[in-house]
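To keep things clear, I will list the structure first and then write my remarks on it.
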Amino acid sequence: MQVIKETIDFCLTNPSVITLGKFDGVHRGHQALINEVLSIARASAGTNEKLASVVFSICVSPVTLLTRPERRMLLSDWGIDTLIECPFIPAFITMEAEDFVREFLVGRLHAKAIVVGKDYRFGYGRRGNVAMLEEMGAELGFTVKAFSKVKDGPLDISSSRVRKALSEGDMETVNHLLGYAFFIDGPIIHGRRIGRTIGFPTTNLIPGMGKLLPPNGVYAVRSVIGGKDYYGITNIGTKPTVDGRFVGVETFLYNCSDDLYGEEQKVELLHFIRPERKFPSIEALKMQILSDREAGREYFKGAGIEV
């Protein structure tokens with residue numbers, strides 16, 4: 001997948017089908033747009049005009065459900081050809097909606113089809129909308145497909161709903177709204193090796209900058225390392241019992257004694273077990289870890305997973 005970032009000076013050579021938005025978390029509502037883009041692109045493969053699939057993302061919030069590398073990984077896995085991470089800079093913010101369509105969507109990206117939500121607004125003062133896109137499409141030669149919001153029961157699926165559930169540690173709801181398991185990704189680093197010295201070897205990673213996290217505490221998780229699934233329990237937090245000074249992600253893996261240092265680890269949070277707290281001694285911490293391991297085993301047993 002081609003990634004265009006930190007610039008508004010870009011141009012594609014092939015005609016394209018584009019979806020536009022913030023795509024914070026790339027939840028099930030976003031996936032409906034992305035799937036339509038991929039469907040249109042695939043349908044064009046046997047024609048004289050093969051369309052490239054493009055996600056045009058406006059980067060606004062400094063704290064997001066997915067870090068940029070994590071979002072790139074998902075979109076690449078799903079088959080998107082080009083991701084544009086458009087910076088939120090004055091030259092873009094002040095651009096009139098009509099100019100954005102003519103210069104960017106048609107002039108630079110050669111749009112033949114545009115896929116958006118029905119409430120999509122764009123351009124200076126948010127003056128652009130679906131009706132404008134449809135009118136300009138008839139003039140400039142592109143089609144517009146507008147989707148209603150995807151619902152979960154009576155409520156719309158939205159990034160704000162995902163964020164609220166995440167702030168409450170409700171990983172089941174988070175993962176249901178996302179359509180995939182919320183994850184933290186990064187290289188395994190050397191920790192302080194305290195877990196190993198007390199009989200519970202762990203992997204350690206640091207969340208990416210700007211990553212929105214659930215409450216500090218212990219979670220049942222699935223880890224993907226080197227294409228292999230491992231199940232375990234993860235502590236997100238500062239490890240107050242051993243004088244931790246930064247938020248880390250420390251994972252105990254059932255039935256794994258491999259040296260995984262330096263490997264890329266994707267930690268998927270499945271279920272909240274307990275909040276983080278400080279224990280009066282290392283011995284008390286060891287007893288709690290034993291209890292957490294059993295709580296994790298019970299969770300996985302209920303899910304039909306042997307660990």
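Chain labels follow the order of the structure tokens: the first chain is A, the next B, and so on; residue numbering restarts at 1 in every chain, and ligands are counted from 1 in their shown order.
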How close does region 27-120 of chain A get to region 210-225 of chain A? List, as CSV, each residue of region 27-120 of chain A within 10 Å, its nearest atom pair and the distance in Å to one decimal, counting only C-alpha atoms.
```
residue,atom,partner,partner_atom,distance
A:Ser61,CA,A:Gly210,CA,8.8
A:Pro62,CA,A:Gly210,CA,5.8
A:Val63,CA,A:Gly210,CA,4.3
A:Thr64,CA,A:Leu212,CA,5.4
A:Leu65,CA,A:Leu212,CA,5.2
A:Leu66,CA,A:Lys211,CA,6.2
A:Thr67,CA,A:Lys211,CA,5.6
A:Arg68,CA,A:Gly210,CA,9.1
A:Glu70,CA,A:Lys211,CA,9.7
```
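The closest residue to Val144 (chain A), picked from A:Thr19, A:Ser39, A:Ser167, A:Asn204 and counting only C-alpha atoms, is A:Thr19.
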If you run DSSP on this backbone, which residues of region 71-126 of chain A come out as strand (DSSP E or B), and could you give them as a VMD selection string?
-> chain A and resid 82 to 87 111 to 117 122
Export of the given selection (C-alpha atoms) as a JSON list (two decimals), in the first residue's frame:
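Result saved to again.json:
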```json
[["chain", "number", "residue", "atom", "x", "y", "z"],
["A", 82, "THR", "CA", -3.32, 4.23, -1.39],
["A", 83, "LEU", "CA", -3.76, 5.93, 1.98],
["A", 84, "ILE", "CA", -3.53, 9.72, 2.05],
["A", 85, "GLU", "CA", -2.92, 11.17, 5.52],
["A", 86, "CYS", "CA", -3.72, 14.80, 4.80],
["A", 87, "PRO", "CA", -2.27, 17.23, 7.35],
["A", 111, "ALA", "CA", -11.60, 10.43, -9.06],
["A", 112, "LYS", "CA", -14.17, 8.39, -10.99],
["A", 113, "ALA", "CA", -16.17, 7.35, -7.93],
["A", 114, "ILE", "CA", -16.49, 8.87, -4.44],
["A", 115, "VAL", "CA", -17.88, 7.02, -1.40],
["A", 116, "VAL", "CA", -18.89, 8.98, 1.72],
["A", 117, "GLY", "CA", -21.39, 9.09, 4.55],
["A", 122, "PHE", "CA", -15.94, 19.34, 3.68]]
```
Quick one: everything within 9 Å of region 261-273 of chain A, counting only C-alpha atoms, minus sequence neighbours fewer than 4 positions away in the same chain. Send it as a PyMOL selection string.
-> chain A and resi 169-172+175+181-190+203-205+217-226+233-234+249+251+292+295-296+299
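Taking CA of Ile18 (chain A) and CA of Val54 (chain A) as the two end points, the separation is 4.7 Å.
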Using only C-alpha atoms, which residues sit within 9 Å of Val130 (chain A) once same-chain residues fewer than 4 positions away are excluded, as a compact mmCIF listing (two decimals) with all heavy atoms, in the first residue's frame?
```txt
# COMPACT_ATOMS: atom_id res chain seq x y z
N VAL A 116 -18.90 8.23 0.46
CA VAL A 116 -18.89 8.98 1.72
C VAL A 116 -20.15 8.67 2.52
O VAL A 116 -21.09 8.05 2.01
CB VAL A 116 -18.81 10.51 1.47
CG1 VAL A 116 -17.47 10.90 0.89
CG2 VAL A 116 -19.95 10.96 0.57
N GLY A 117 -20.17 9.13 3.76
CA GLY A 117 -21.39 9.09 4.55
C GLY A 117 -22.34 10.19 4.10
O GLY A 117 -21.91 11.23 3.58
N LYS A 118 -23.62 9.99 4.33
CA LYS A 118 -24.61 10.98 3.90
C LYS A 118 -24.45 12.33 4.59
O LYS A 118 -24.86 13.36 4.06
CB LYS A 118 -26.02 10.44 4.11
CG LYS A 118 -26.42 9.38 3.10
CD LYS A 118 -27.89 9.00 3.24
CE LYS A 118 -28.28 8.01 2.14
NZ LYS A 118 -29.70 7.62 2.25
N ASP A 119 -23.83 12.31 5.77
CA ASP A 119 -23.64 13.56 6.51
C ASP A 119 -22.25 14.16 6.30
O ASP A 119 -21.84 15.07 7.02
CB ASP A 119 -23.87 13.32 8.00
CG ASP A 119 -22.89 12.31 8.59
OD1 ASP A 119 -22.18 11.63 7.81
OD2 ASP A 119 -22.83 12.20 9.83
N TYR A 120 -21.52 13.69 5.30
CA TYR A 120 -20.16 14.16 5.07
C TYR A 120 -20.16 15.64 4.68
O TYR A 120 -20.91 16.07 3.81
CB TYR A 120 -19.49 13.33 3.96
CG TYR A 120 -18.09 13.78 3.63
CD1 TYR A 120 -17.07 13.68 4.57
CD2 TYR A 120 -17.78 14.32 2.37
CE1 TYR A 120 -15.78 14.09 4.29
CE2 TYR A 120 -16.49 14.74 2.08
CZ TYR A 120 -15.49 14.62 3.05
OH TYR A 120 -14.22 15.05 2.76
N ARG A 121 -19.31 16.42 5.35
CA ARG A 121 -19.14 17.84 5.05
C ARG A 121 -17.66 18.11 4.85
O ARG A 121 -16.81 17.50 5.50
CB ARG A 121 -19.68 18.71 6.19
CG ARG A 121 -21.12 18.45 6.57
CD ARG A 121 -22.07 18.73 5.42
NE ARG A 121 -22.14 20.15 5.10
CZ ARG A 121 -23.13 20.96 5.48
NH1 ARG A 121 -24.12 20.48 6.22
NH2 ARG A 121 -23.13 22.24 5.14
N GLU A 134 -22.55 15.46 -5.78
CA GLU A 134 -23.34 14.88 -6.86
C GLU A 134 -23.47 15.85 -8.03
O GLU A 134 -23.38 15.44 -9.20
CB GLU A 134 -24.72 14.48 -6.33
CG GLU A 134 -24.67 13.30 -5.37
CD GLU A 134 -25.99 13.01 -4.71
OE1 GLU A 134 -26.85 13.93 -4.64
OE2 GLU A 134 -26.20 11.87 -4.24
N GLU A 135 -23.65 17.11 -7.71
CA GLU A 135 -23.76 18.12 -8.78
C GLU A 135 -22.45 18.26 -9.54
O GLU A 135 -22.44 18.30 -10.78
CB GLU A 135 -24.16 19.46 -8.17
CG GLU A 135 -24.37 20.56 -9.18
CD GLU A 135 -24.82 21.87 -8.53
OE1 GLU A 135 -25.34 21.82 -7.40
OE2 GLU A 135 -24.63 22.92 -9.17
N VAL A 144 -21.16 9.33 -7.21
CA VAL A 144 -21.14 9.48 -5.76
C VAL A 144 -22.03 8.42 -5.14
O VAL A 144 -23.18 8.24 -5.55
CB VAL A 144 -21.62 10.88 -5.33
CG1 VAL A 144 -21.62 11.00 -3.80
CG2 VAL A 144 -20.75 11.97 -5.95
N LYS A 145 -21.49 7.71 -4.14
CA LYS A 145 -22.27 6.76 -3.36
C LYS A 145 -22.25 7.23 -1.91
O LYS A 145 -21.18 7.34 -1.31
CB LYS A 145 -21.65 5.35 -3.47
CG LYS A 145 -22.40 4.26 -2.69
CD LYS A 145 -23.75 3.94 -3.29
CE LYS A 145 -24.44 2.80 -2.56
NZ LYS A 145 -23.81 1.48 -2.84
N ALA A 146 -23.44 7.55 -1.37
CA ALA A 146 -23.54 8.07 -0.01
C ALA A 146 -24.24 7.04 0.88
O ALA A 146 -25.33 6.56 0.54
CB ALA A 146 -24.29 9.39 0.01
```
Near-Leu133 (chain A) list (9 Å; only C-alpha atoms; drop same-chain fewer than 2 positions) as a PyMOL selection string | chain A and resi 98+101+114+128-131+135-138+142-144
Could you take the residues named above and write them with C-alpha atoms, as a PDB file, in the first residue's frame?
```
ATOM      1  CA  GLU A  98     -15.440  23.456  -4.943  1.00  0.00           C
ATOM      2  CA  VAL A 101     -13.152  18.786  -5.561  1.00  0.00           C
ATOM      3  CA  ILE A 114     -16.486   8.868  -4.444  1.00  0.00           C
ATOM      4  CA  GLY A 128     -19.396  21.123   0.893  1.00  0.00           C
ATOM      5  CA  ASN A 129     -21.860  18.234   1.174  1.00  0.00           C
ATOM      6  CA  VAL A 130     -23.155  15.219  -0.712  1.00  0.00           C
ATOM      7  CA  ALA A 131     -25.491  17.325  -2.875  1.00  0.00           C
ATOM      8  CA  GLU A 135     -23.759  18.119  -8.780  1.00  0.00           C
ATOM      9  CA  MET A 136     -20.045  18.441  -9.476  1.00  0.00           C
ATOM     10  CA  GLY A 137     -19.807  14.741 -10.284  1.00  0.00           C
ATOM     11  CA  ALA A 138     -22.332  15.167 -13.083  1.00  0.00           C
ATOM     12  CA  PHE A 142     -17.466  10.968 -11.270  1.00  0.00           C
ATOM     13  CA  THR A 143     -20.213   9.089  -9.430  1.00  0.00           C
ATOM     14  CA  VAL A 144     -21.135   9.483  -5.756  1.00  0.00           C
TER      15      VAL A 144
END
```
